[in-house]
Amino acid sequence: MKIQSFYLNHPNTLRDHLAKSYRIEPPQAAPGQNTPPLVSPKGQLFAEHENLFTFDGECFRETLPNPEPFALFGVQSCDLTAISYQDQFFANDPYYQARRQQALLIGIDCLSPCQHGFCPSVNAGPGVKHETADLILHQLSTTSWLLLACNQKGLGALEGLSLNPANQPELNDRDDRIASCIEQFSDDSHLKQGITAINQNQVPEDLWQQLGLQCLSCSGCTSLCPTCSCYGTWEQQESNGDIRRQRFWDSCLYESFQREASQHNPTEKAGERVKRFWTHKFGDNFAKEFGRYGCVGCGRCEVTCPGVIGVHSVMKRISSDAQLDN
Amino acid sequence: MATKVTTTICPFCGVGCGMNLLTEKNRLISVEPQIDHPISRGQLCAKGWSSAYGIDPKDRITHPLIRTPQGFRQTSWNKALETVAARLKQIMEETGPQAIGIISSARATNEDNYAAQKLARAVLKTNNIDHCARICHSPTVAGLNQTLGSGAMTNSAEDIFETDLVLVFGADPTENHSILGGHIIRAHLEGTQLIVVDPRRTRLAKLADTHLQLKPGSNIALLNAIIKIILDNRWQDKKFLDQRCEGLAQLTASVANALEGVEKTTGISLPKIEAVAKAYSQSKRAMILYGMGVTQYVSGTNNVIALSNLALTCGQLGRKGTGINPLRGQNNVQGACDMGCLPNVYPGYQKVDNPEVRAKFSQHWKTEVPEHPGLTSMGMTKATLAGEFRGLILFGENPVVTDPDQNLVKRALGKLDLLVVAELTMTDTARMADIILPAASFAEKTGTFTNCERRVQHVQQALPPLGEARTDWQWLAAIAQQLESDQLDWPDSEAVFREITELTPIYSAMNYAKMDQLHGLQWPCSPETPEGTAILHKDTFPIGKARLIPVHPIPIDENIDSKYPLLLTTNRLHFHYGCGSMTRKSPLLEREIPTGLLFINPADANELGVTHQSAVGVGSRRGYIETRAMLTDDLPPGLVCMPYHFHEAPSNQLTNTAQDPLTKMPELKACAVFVQPLEPGSFPRPIDEISGLSVEGVK
Ligand code: SF4
Ligand code: SF4
Ligand code: SF4
């Protein structure tokens with residue numbers, strides 16, 4: 001389908017319209033155009049705690065979620081890119097898909113850089129990519145917005161709303177603004193150098209160990225990172241005696257994440273775990289598999305890491321180390 | 001069903017990070033950090049991130065339970081309360097109010113703690129009220145009260161970013177107060193000098209500019225030597241000493257010989273000590289943070305005094321980025337003390353032995369208050385064993401596991417005529433109760449917690465109480481009603497808090513609305529300081545001039561010998577908290593427990609024939625346990641270490657019960673042990689299986 005574009009007086013008009021058929025998430029907040037929320041919408045699709053099945057002694061009963069249709073309203077480009085990444089990862093996961101099928105994605109273009117974000121460096125924003133959303137919001141002025149329908153699902157959701165088609169000049173404006181937003185992002189040479197160093201295996205083991213010393217294994221980065229998808233499972237007995245298997249978000253930064261029953265642990269050292277994490281985010285091998293890097297440049301790990309080894313901190317250490325060596 | 005977001009405070013440690021609880025259909029689905037919280041700024045530690053597991057409905061106590069010969073039976077609140085009241089009355093009539101008492105909880109809210117001490121004093125007419133802070137920081141309160149006149153952290157968490165030097169003394173903040181630990185890492189990376197004093201090579205020690213790896217128990221020797229060097233070089237803050245302190249002459253005289261033999265006592269070279277003395281005294285702003293490596297010694301109170309002497313000598317107090325700052329363990333241990341859950345003080349540290357104070361409370365409560373001094377928790381244990389104490393109400397604590405005197409406590413609790421325990425889940429202590437009351441979790445109540453920097457913060461209800469659970473102050477009020485008293489009849493938590501502010505000068509200008517607006521209020525918050533106080537002792541001390549008090553090194557109580565050739569110290573694990581009754585419900589944190597709990601230097605291990613993760617027996621003069629060994633050079637040869645509070649291998653079977661004479665703090669940081677390898681391939685036996693074997697029998 002060709003993208004269709006309309007004028008909209010205010011996102012609330014759209015929101016009120018959608019609220020008739022969708023649960024709106026987040027329920028209140030007006031969408032920000034330069035700061036993604038601290039917590040990404042990841043948990044709406046890949047639940048932090050998900051019941052997988054129950055076993056009553058004889059039969060297994062799958063417990064698929066059954067959510068009503070919901071709209072993720074005002075999602076920034078980084079997070080939408082992350083959702084399309086997760087769509088691949090969970091392509092055959094019935095629990096994820098049961099939620100995903102019910103979700104309508106309404107993106108919003110960012111018009112100025114956020115504090116720690118670097119989406120342009122990893123091709124994940126700041127303008128919403130058409131293939132990652134159903135609808136896109138773009139602010140033209142205080143009283144005028146563009147609304148883009150990227151696919152049939154998006155267009156269908158607009159049914160019943162009277163909208164005027166947008167003209168080409170405003171669409172060009174949109175491209176210009178996104179381009180000027182990109183120019184305002186700060187220097188990303190540490191990221192570029194860091195990515196190269198990681199892929200050419202130039203980061204000394206020592207440095208990984210030093211960074212590992214700063215990892216407090218809090219699980220903050222993996223909880224907030226919109227593309228992290230590791231989970232563990234456990235069984236619990238319910239009050240009626242049934243066994244319920246649940247999965248829960250896990251974190252590769254826990255010492256015990258890869259510890260085997262024999263006590264063998266390939267990532268016993270904290271430095272190994274930190275290295276593993278960043279290789280997953282920026283490794284070319286992973287990029288080949290998923291068509292892009294695992295990092296979408298949201299900057300959340302930089303905020304939430306108590307050990308000061310979020311993305312910028314790590315990449316600055318790696319790049320300055322690399323420079324010293326050269 | 002949309003998600004509901006409730007703003008509240010992490011229930012695990014004294015940092016008091018801001019967290020949001022996300023609920024759906026009255027179920028907690030997720031926890032998230034608060035980006036605008038002044039301390040945590042979008043961060044949480046592993047415990048915080050996992051807090052949803054701790055209050056999971058599974059395993060929670062949901063109804064009152066009463067002991068019967070066949071075990072616990074569910075009962076109604078009415079029946080439970082009637083039984084409690086009847087037995088309390090009987091004990092009061094037969095033995096008097098000194099035979100009953102309450103042990104409240106450093107995990108409960110200020111409102112709950114206030115209600116507990118009011119029930120004791122205004123209704124039961126006893127000062128037998130205490131909480132479980134004794135095993136962490138009673139020497140802090142005793143020491144700093146003498147030297148400065150206030151036992152709390154003098155400065156604020158944000159000061160870590162506005163100082164030139166951080167001196168971490170006997171504390172492991174990245175593991176126990178992780179978010180503050182992270183602040184220290186950040187400040188250090190940005191250029192703040194970091195000095196760590198610890199017998200173990202902690203995470204911060206590895207990152208620090210200087211690590212003084214002193215021998216356990218040599219704190220005072222080291223501190224006196226530092227002070228001596230400072231005075232000899234005239235590095236002290238003369239103006240501060242002249243104007244704001246007394247006792248310099250005595251202090252100077254007392255450290256005259258402090259350099260003699262100090263290298264041998266502490267294990268640290270003199271030049272290294274000198275460098276630290278110079279750095280601390282000559283920094284524009286230097287900040288001390290300390291923990292249980294200072295307090296958990298027979299010399300605990302004196303250790304605190306020695307640290308205070310150092311800060312005063314250098315005038316590193318009363319300004320931004322300075323101060324002497326105890327890192328307290330439990331989330332509301334500060335609040336439990338502030339609320340007067342101590343036998344000798346009313347809320348706001350107003351002394352029980354002061355008749356004016358008693359008159360004030362008596363007038364406000366319109367009832368007689370008791371004069372006789374109350375018992376500490378230890379005192380209640382002893383009085384029970386002596387047959388003088390008979391009825392105890394206890395909540396939110398599990399002394400059967402956490403008390404250093406585990407075996408004694410167990411005997412005493414078993415001897416009581418009435419033990420009432422309110423808890424979330426069935427703990428070893430609850431199992432000994434006559435009546436168990438279902439308590440509401442932090443997510444199910446409204447109230448306030450006071451963090452380690454004296455910040456009173458609003459805890460908000462996200463979920464209805466599970467089953468018939470009640471907030472602590474509510475069931476305390478119900479007991480009062482059964483005893484025909486309306487003293488605790490408040491309509492809601494805010495009314496409890498209002499009463500607190502009426503009677504507690506340091507809380508007097510606080511209210512919930514202002515607290516919400518300003519992300520908490522730091523006490524003292526009175527009409528003169530309506531927005532609270534970030535830094536204590538700016539112009540004067542509560543006792544006028546601060547006191548320099550000479551203290552002399554006190555050796556550890558139990559040194560090594562040929563039979564017990566290794567020194568055992570204790571630590572805490574980042575992932576666990578208290579007795580683990582909340583954190584161990586998380587599959588992630590449970591998995592993080594190391595395979596073995598005895599940490600030992602490879603050289604010692606080698607000599608003993610112990611290999612990594614092999615089963616070992618560890619014995620002291622008091623007990624014997626088995627676990628696996630973890631080889632690590634984080635410990636120097638001669639020193640081994642075990643975390644507290646794992647029922648698999650409870651280190652308090654081993655630790656010394658010798659106490660700090662003033663505060664009765666047991667010496668948990670040093671005792672003599674032997675370590676022996678078990679049969680290759682064998683499994684360590686849990687304590688229950690071992691008990692019955694005498695120590696001699698194993699050796
Ligand atoms: S690695 Fe950090 S910056 Fe990249 S997507 Fe994850 S949280 Fe965002
Ligand atoms: S946020 Fe930082 S400290 Fe926490 S697990 Fe991730 S890297 Fe480690
Ligand atoms: S540092 Fe303390 S208050 Fe903060 S999240 Fe961890 S346990 Fe909770």
# chains A, B, ... in the order shown; residues from 1 in each chain; ligands from 1

$ residues_around --residues "B:Thr533" --least-positions-apart "6" --cutoff "7 Å" --atoms "only C-alpha atoms" --output "ChimeraX atom specification"
/B:522-525

$ residues_near_ligand --ligand "ligand 3" --cutoff "6 Å" --atoms "only C-alpha atoms and all ligand atoms" --output "JSON, numbers by chain"
{"B": [10, 12, 13, 14, 15, 16, 17, 44, 45, 47, 48, 177, 178, 179]}

$ interface_residues --of "chain B" --to "chain A" --cutoff "6 Å" --atoms "only C-alpha atoms" --output "PyMOL selection string"
chain B and resi 42-43+45-46+179+182+592

$ residues_around --residues "stretch 122-134 of chain A" --least-positions-apart "6" --cutoff "6 Å" --atoms "only C-alpha atoms" --output "list in words"
Ser77, Cys78, Leu80, Thr81, Leu105, Ile106, Gly107, Asp109, Cys110, Cys150, Asn151, Gly154, Ile178 and Val296 of chain A

$ select_by_dssp --residues "stretch 129-212 of chain A" --states "strand (DSSP E or B)" --output "PyMOL selection string"
chain A and resi 135-141+144-149+165

$ residues_around --residues "A:Gln102" --least-positions-apart "2" --cutoff "12 Å" --atoms "only C-alpha atoms" --output "ChimeraX atom specification"
/A:21-24,44-45,65-72,95-100,104-105,153

$ write_last_selection --atoms "N, CA, C and O atoms" --output "PDB file, in the first residue's frame"
ATOM      1  N   SER A  21     -12.146   1.871  20.143  1.00  0.00           N
ATOM      2  CA  SER A  21     -11.954   0.457  19.793  1.00  0.00           C
ATOM      3  C   SER A  21     -10.692  -0.167  20.386  1.00  0.00           C
ATOM      4  O   SER A  21     -10.473  -1.362  20.233  1.00  0.00           O
ATOM      5  N   TYR A  22      -9.872   0.637  21.011  1.00  0.00           N
ATOM      6  CA  TYR A  22      -8.608   0.106  21.520  1.00  0.00           C
ATOM      7  C   TYR A  22      -8.382   0.548  22.949  1.00  0.00           C
ATOM      8  O   TYR A  22      -8.772   1.641  23.344  1.00  0.00           O
ATOM      9  N   ARG A  23      -7.711  -0.304  23.716  1.00  0.00           N
ATOM     10  CA  ARG A  23      -7.137   0.149  24.985  1.00  0.00           C
ATOM     11  C   ARG A  23      -5.893   0.946  24.618  1.00  0.00           C
ATOM     12  O   ARG A  23      -5.053   0.484  23.835  1.00  0.00           O
ATOM     13  N   ILE A  24      -5.764   2.152  25.174  1.00  0.00           N
ATOM     14  CA  ILE A  24      -4.643   3.009  24.796  1.00  0.00           C
ATOM     15  C   ILE A  24      -3.510   2.859  25.810  1.00  0.00           C
ATOM     16  O   ILE A  24      -3.726   2.936  27.006  1.00  0.00           O
ATOM     17  N   GLN A  44       4.734  -4.770  26.812  1.00  0.00           N
ATOM     18  CA  GLN A  44       3.372  -4.914  26.286  1.00  0.00           C
ATOM     19  C   GLN A  44       3.268  -6.123  25.366  1.00  0.00           C
ATOM     20  O   GLN A  44       2.187  -6.666  25.165  1.00  0.00           O
ATOM     21  N   LEU A  45       4.402  -6.498  24.760  1.00  0.00           N
ATOM     22  CA  LEU A  45       4.378  -7.591  23.789  1.00  0.00           C
ATOM     23  C   LEU A  45       5.081  -8.835  24.332  1.00  0.00           C
ATOM     24  O   LEU A  45       4.639  -9.959  24.145  1.00  0.00           O
ATOM     25  N   PRO A  65      -2.057 -15.783  26.175  1.00  0.00           N
ATOM     26  CA  PRO A  65      -2.713 -14.526  26.564  1.00  0.00           C
ATOM     27  C   PRO A  65      -3.794 -14.174  25.546  1.00  0.00           C
ATOM     28  O   PRO A  65      -3.719 -14.579  24.396  1.00  0.00           O
ATOM     29  N   ASN A  66      -4.772 -13.409  26.015  1.00  0.00           N
ATOM     30  CA  ASN A  66      -5.894 -13.100  25.133  1.00  0.00           C
ATOM     31  C   ASN A  66      -6.271 -11.632  25.310  1.00  0.00           C
ATOM     32  O   ASN A  66      -7.349 -11.320  25.791  1.00  0.00           O
ATOM     33  N   PRO A  67      -5.352 -10.721  24.959  1.00  0.00           N
ATOM     34  CA  PRO A  67      -5.635  -9.322  25.248  1.00  0.00           C
ATOM     35  C   PRO A  67      -6.647  -8.735  24.269  1.00  0.00           C
ATOM     36  O   PRO A  67      -6.764  -9.211  23.141  1.00  0.00           O
ATOM     37  N   GLU A  68      -7.347  -7.710  24.732  1.00  0.00           N
ATOM     38  CA  GLU A  68      -8.235  -6.974  23.829  1.00  0.00           C
ATOM     39  C   GLU A  68      -7.346  -6.121  22.915  1.00  0.00           C
ATOM     40  O   GLU A  68      -6.172  -5.917  23.227  1.00  0.00           O
ATOM     41  N   PRO A  69      -7.874  -5.636  21.786  1.00  0.00           N
ATOM     42  CA  PRO A  69      -7.030  -4.812  20.914  1.00  0.00           C
ATOM     43  C   PRO A  69      -6.495  -3.606  21.672  1.00  0.00           C
ATOM     44  O   PRO A  69      -7.209  -2.997  22.467  1.00  0.00           O
ATOM     45  N   PHE A  70      -5.227  -3.305  21.474  1.00  0.00           N
ATOM     46  CA  PHE A  70      -4.659  -2.145  22.165  1.00  0.00           C
ATOM     47  C   PHE A  70      -3.776  -1.343  21.216  1.00  0.00           C
ATOM     48  O   PHE A  70      -3.277  -1.869  20.218  1.00  0.00           O
ATOM     49  N   ALA A  71      -3.650  -0.066  21.536  1.00  0.00           N
ATOM     50  CA  ALA A  71      -2.872   0.836  20.690  1.00  0.00           C
ATOM     51  C   ALA A  71      -1.684   1.355  21.481  1.00  0.00           C
ATOM     52  O   ALA A  71      -1.852   1.890  22.577  1.00  0.00           O
ATOM     53  N   LEU A  72      -0.482   1.147  20.966  1.00  0.00           N
ATOM     54  CA  LEU A  72       0.695   1.755  21.587  1.00  0.00           C
ATOM     55  C   LEU A  72       0.832   3.132  20.951  1.00  0.00           C
ATOM     56  O   LEU A  72       1.197   3.262  19.792  1.00  0.00           O
ATOM     57  N   TYR A  95       3.118 -16.801  22.375  1.00  0.00           N
ATOM     58  CA  TYR A  95       2.725 -15.851  23.429  1.00  0.00           C
ATOM     59  C   TYR A  95       2.948 -14.428  22.961  1.00  0.00           C
ATOM     60  O   TYR A  95       2.097 -13.559  23.107  1.00  0.00           O
ATOM     61  N   TYR A  96       4.131 -14.193  22.369  1.00  0.00           N
ATOM     62  CA  TYR A  96       4.431 -12.872  21.825  1.00  0.00           C
ATOM     63  C   TYR A  96       3.432 -12.534  20.727  1.00  0.00           C
ATOM     64  O   TYR A  96       2.840 -11.458  20.704  1.00  0.00           O
ATOM     65  N   GLN A  97       3.233 -13.491  19.827  1.00  0.00           N
ATOM     66  CA  GLN A  97       2.388 -13.209  18.672  1.00  0.00           C
ATOM     67  C   GLN A  97       0.935 -12.942  19.084  1.00  0.00           C
ATOM     68  O   GLN A  97       0.259 -12.107  18.477  1.00  0.00           O
ATOM     69  N   ALA A  98       0.465 -13.639  20.125  1.00  0.00           N
ATOM     70  CA  ALA A  98      -0.916 -13.411  20.564  1.00  0.00           C
ATOM     71  C   ALA A  98      -1.109 -11.955  20.978  1.00  0.00           C
ATOM     72  O   ALA A  98      -2.162 -11.345  20.727  1.00  0.00           O
ATOM     73  N   ARG A  99      -0.095 -11.378  21.597  1.00  0.00           N
ATOM     74  CA  ARG A  99      -0.189  -9.964  21.972  1.00  0.00           C
ATOM     75  C   ARG A  99       0.025  -9.068  20.760  1.00  0.00           C
ATOM     76  O   ARG A  99      -0.674  -8.076  20.553  1.00  0.00           O
ATOM     77  N   ARG A 100       1.036  -9.437  19.965  1.00  0.00           N
ATOM     78  CA  ARG A 100       1.434  -8.589  18.847  1.00  0.00           C
ATOM     79  C   ARG A 100       0.294  -8.400  17.851  1.00  0.00           C
ATOM     80  O   ARG A 100       0.091  -7.305  17.323  1.00  0.00           O
ATOM     81  N   LEU A 104      -1.842  -2.125  17.768  1.00  0.00           N
ATOM     82  CA  LEU A 104      -1.753  -1.105  16.724  1.00  0.00           C
ATOM     83  C   LEU A 104      -0.615  -0.167  17.130  1.00  0.00           C
ATOM     84  O   LEU A 104      -0.564   0.288  18.268  1.00  0.00           O
ATOM     85  N   LEU A 105       0.304   0.102  16.204  1.00  0.00           N
ATOM     86  CA  LEU A 105       1.487   0.895  16.560  1.00  0.00           C
ATOM     87  C   LEU A 105       1.383   2.299  15.982  1.00  0.00           C
ATOM     88  O   LEU A 105       1.337   2.471  14.765  1.00  0.00           O
ATOM     89  N   LYS A 153      -3.831  -1.777   8.043  1.00  0.00           N
ATOM     90  CA  LYS A 153      -4.241  -1.831   9.451  1.00  0.00           C
ATOM     91  C   LYS A 153      -4.381  -0.408   9.994  1.00  0.00           C
ATOM     92  O   LYS A 153      -5.359  -0.074  10.662  1.00  0.00           O
TER      93      LYS A 153
END

$ select_by_dssp --residues "stretch 400-635 of chain B" --states "alpha helix (DSSP H)" --output "PyMOL selection string"
chain B and resi 400-402+406-415+472-482+493-503+512-517+587-591+602-608

$ write_last_selection --atoms "N, CA and C atoms" --output "compact mmCIF listing (two decimals), in the first residue's frame"
# COMPACT_ATOMS: atom_id res chain seq x y z
N VAL B 400 15.01 -15.52 64.73
CA VAL B 400 15.47 -16.90 64.83
C VAL B 400 16.56 -17.17 63.79
N VAL B 401 16.49 -16.47 62.64
CA VAL B 401 17.54 -16.64 61.64
C VAL B 401 18.59 -15.53 61.71
N THR B 402 18.15 -14.29 61.95
CA THR B 402 19.10 -13.19 61.83
C THR B 402 19.84 -12.86 63.11
N GLN B 406 21.20 -16.64 67.83
CA GLN B 406 20.17 -17.55 67.35
C GLN B 406 19.66 -18.58 68.34
N ASN B 407 20.59 -19.35 68.92
CA ASN B 407 20.16 -20.45 69.77
C ASN B 407 19.48 -19.96 71.05
N LEU B 408 20.03 -18.86 71.58
CA LEU B 408 19.48 -18.28 72.79
C LEU B 408 18.08 -17.73 72.52
N VAL B 409 17.96 -17.01 71.39
CA VAL B 409 16.68 -16.42 71.02
C VAL B 409 15.62 -17.50 70.86
N LYS B 410 16.00 -18.58 70.23
CA LYS B 410 15.06 -19.67 70.02
C LYS B 410 14.56 -20.23 71.35
N ARG B 411 15.49 -20.38 72.28
CA ARG B 411 15.09 -20.91 73.58
C ARG B 411 14.12 -19.97 74.27
N ALA B 412 14.45 -18.66 74.20
CA ALA B 412 13.61 -17.68 74.88
C ALA B 412 12.22 -17.63 74.25
N LEU B 413 12.16 -17.59 72.92
CA LEU B 413 10.84 -17.50 72.27
C LEU B 413 9.99 -18.72 72.63
N GLY B 414 10.65 -19.85 72.75
CA GLY B 414 9.91 -21.07 73.09
C GLY B 414 9.36 -21.03 74.50
N LYS B 415 9.94 -20.20 75.33
CA LYS B 415 9.55 -20.19 76.73
C LYS B 415 8.43 -19.18 77.03
N ASP B 472 0.33 -2.89 59.58
CA ASP B 472 0.72 -3.11 60.98
C ASP B 472 0.01 -2.17 61.95
N TRP B 473 -0.03 -0.86 61.62
CA TRP B 473 -0.65 0.03 62.61
C TRP B 473 -2.12 -0.29 62.80
N GLN B 474 -2.73 -0.89 61.78
CA GLN B 474 -4.15 -1.22 61.91
C GLN B 474 -4.39 -2.40 62.86
N TRP B 475 -3.57 -3.44 62.75
CA TRP B 475 -3.81 -4.54 63.70
C TRP B 475 -3.31 -4.17 65.09
N LEU B 476 -2.30 -3.30 65.17
CA LEU B 476 -1.88 -2.81 66.49
C LEU B 476 -3.04 -2.04 67.14
N ALA B 477 -3.73 -1.23 66.30
CA ALA B 477 -4.90 -0.48 66.80
C ALA B 477 -6.00 -1.43 67.24
N ALA B 478 -6.16 -2.52 66.49
CA ALA B 478 -7.21 -3.48 66.85
C ALA B 478 -6.91 -4.15 68.19
N ILE B 479 -5.63 -4.40 68.45
CA ILE B 479 -5.27 -4.95 69.77
C ILE B 479 -5.60 -3.94 70.86
N ALA B 480 -5.26 -2.66 70.60
CA ALA B 480 -5.56 -1.62 71.59
C ALA B 480 -7.06 -1.59 71.88
N GLN B 481 -7.86 -1.67 70.82
CA GLN B 481 -9.31 -1.65 71.02
C GLN B 481 -9.78 -2.81 71.88
N GLN B 482 -9.22 -3.96 71.64
CA GLN B 482 -9.57 -5.11 72.47
C GLN B 482 -9.23 -4.87 73.93
N SER B 493 -3.54 6.53 57.49
CA SER B 493 -2.11 6.71 57.77
C SER B 493 -1.74 8.17 57.91
N GLU B 494 -2.39 9.01 57.13
CA GLU B 494 -2.05 10.42 57.18
C GLU B 494 -2.34 10.99 58.57
N ALA B 495 -3.38 10.48 59.20
CA ALA B 495 -3.70 10.94 60.56
C ALA B 495 -2.62 10.47 61.54
N VAL B 496 -2.11 9.28 61.32
CA VAL B 496 -1.00 8.80 62.18
C VAL B 496 0.18 9.75 62.00
N PHE B 497 0.45 10.07 60.73
CA PHE B 497 1.60 10.92 60.47
C PHE B 497 1.42 12.30 61.09
N ARG B 498 0.19 12.81 61.05
CA ARG B 498 -0.06 14.12 61.66
C ARG B 498 0.28 14.09 63.14
N GLU B 499 -0.14 13.01 63.81
CA GLU B 499 0.17 12.91 65.24
C GLU B 499 1.70 12.84 65.45
N ILE B 500 2.38 12.13 64.56
CA ILE B 500 3.85 12.07 64.66
C ILE B 500 4.43 13.49 64.60
N THR B 501 3.94 14.29 63.65
CA THR B 501 4.51 15.64 63.50
C THR B 501 4.19 16.53 64.69
N GLU B 502 3.07 16.27 65.35
CA GLU B 502 2.72 17.08 66.53
C GLU B 502 3.66 16.83 67.70
N LEU B 503 4.21 15.61 67.75
CA LEU B 503 5.00 15.23 68.93
C LEU B 503 6.49 15.11 68.67
N TYR B 512 2.30 14.91 54.04
CA TYR B 512 2.37 14.03 52.86
C TYR B 512 2.45 14.86 51.57
N ALA B 513 1.66 15.94 51.49
CA ALA B 513 1.59 16.68 50.23
C ALA B 513 2.95 17.28 49.89
N LYS B 514 3.59 17.88 50.90
CA LYS B 514 4.88 18.51 50.67
C LYS B 514 5.93 17.45 50.31
N MET B 515 5.79 16.31 50.96
CA MET B 515 6.70 15.20 50.71
C MET B 515 6.62 14.75 49.25
N ASP B 516 5.39 14.68 48.74
CA ASP B 516 5.20 14.26 47.34
C ASP B 516 5.80 15.28 46.39
N GLN B 517 5.60 16.54 46.75
CA GLN B 517 6.06 17.61 45.89
C GLN B 517 7.58 17.64 45.81
N PRO B 587 13.35 -16.24 41.50
CA PRO B 587 14.15 -17.33 40.93
C PRO B 587 15.52 -16.82 40.47
N LEU B 588 15.57 -15.54 40.09
CA LEU B 588 16.83 -14.99 39.59
C LEU B 588 17.81 -14.79 40.73
N LEU B 589 17.33 -14.22 41.83
CA LEU B 589 18.22 -13.95 42.94
C LEU B 589 18.60 -15.24 43.66
N GLU B 590 17.68 -16.17 43.71
CA GLU B 590 17.97 -17.47 44.31
C GLU B 590 19.11 -18.13 43.54
N ARG B 591 19.04 -18.01 42.20
CA ARG B 591 20.06 -18.64 41.37
C ARG B 591 21.42 -17.98 41.56
N PRO B 602 43.39 -18.73 47.96
CA PRO B 602 43.90 -19.98 47.37
C PRO B 602 45.09 -20.56 48.14
N ALA B 603 45.94 -19.69 48.71
CA ALA B 603 47.10 -20.20 49.45
C ALA B 603 46.65 -21.01 50.67
N ASP B 604 45.68 -20.47 51.41
CA ASP B 604 45.16 -21.21 52.57
C ASP B 604 44.52 -22.51 52.12
N ALA B 605 43.74 -22.40 51.03
CA ALA B 605 43.02 -23.57 50.54
C ALA B 605 44.01 -24.67 50.17
N ASN B 606 45.06 -24.25 49.46
CA ASN B 606 46.08 -25.18 49.03
C ASN B 606 46.68 -25.95 50.19
N GLU B 607 47.01 -25.19 51.21
CA GLU B 607 47.64 -25.78 52.38
C GLU B 607 46.71 -26.79 53.06
N LEU B 608 45.41 -26.50 53.03
CA LEU B 608 44.44 -27.38 53.69
C LEU B 608 43.98 -28.52 52.78

$ closest_residue --among "B:Leu194, B:Ala462, B:Val673, B:Val618" --to "B:Asn26" --atoms "only C-alpha atoms"
B:Ala462

$ closest_residue --among "A:Ser5, A:Thr143, A:Ser121, A:Asn164" --to "ligand 1" --atoms "only C-alpha atoms and all ligand atoms"
A:Ser121

$ decode --residues "stretch 12-23 of chain A" --atoms "N, CA and C atoms" --output "tab-separated table (two decimals), in the first residue's frame"
chain	number	residue	atom	x	y	z
A	12	ASN	N	-4.71	14.30	20.23
A	12	ASN	CA	-5.83	13.87	21.08
A	12	ASN	C	-7.06	13.49	20.27
A	13	THR	N	-7.22	14.13	19.11
A	13	THR	CA	-8.35	13.79	18.25
A	13	THR	C	-8.24	12.32	17.85
A	14	LEU	N	-7.04	11.94	17.46
A	14	LEU	CA	-6.80	10.56	17.05
A	14	LEU	C	-6.97	9.62	18.23
A	15	ARG	N	-6.42	10.06	19.34
A	15	ARG	CA	-6.45	9.24	20.53
A	15	ARG	C	-7.89	8.95	20.98
A	16	ASP	N	-8.70	10.01	21.00
A	16	ASP	CA	-10.09	9.82	21.41
A	16	ASP	C	-10.81	8.89	20.45
A	17	HIS	N	-10.48	9.04	19.18
A	17	HIS	CA	-11.11	8.17	18.18
A	17	HIS	C	-10.70	6.70	18.41
A	18	LEU	N	-9.42	6.50	18.61
A	18	LEU	CA	-8.94	5.12	18.78
A	18	LEU	C	-9.45	4.50	20.07
A	19	ALA	N	-9.65	5.35	21.07
A	19	ALA	CA	-10.06	4.84	22.38
A	19	ALA	C	-11.40	4.11	22.30
A	20	LYS	N	-12.17	4.38	21.22
A	20	LYS	CA	-13.45	3.69	21.08
A	20	LYS	C	-13.23	2.20	20.81
A	21	SER	N	-12.15	1.87	20.14
A	21	SER	CA	-11.95	0.46	19.79
A	21	SER	C	-10.69	-0.17	20.39
A	22	TYR	N	-9.87	0.64	21.01
A	22	TYR	CA	-8.61	0.11	21.52
A	22	TYR	C	-8.38	0.55	22.95
A	23	ARG	N	-7.71	-0.30	23.72
A	23	ARG	CA	-7.14	0.15	24.98
A	23	ARG	C	-5.89	0.95	24.62
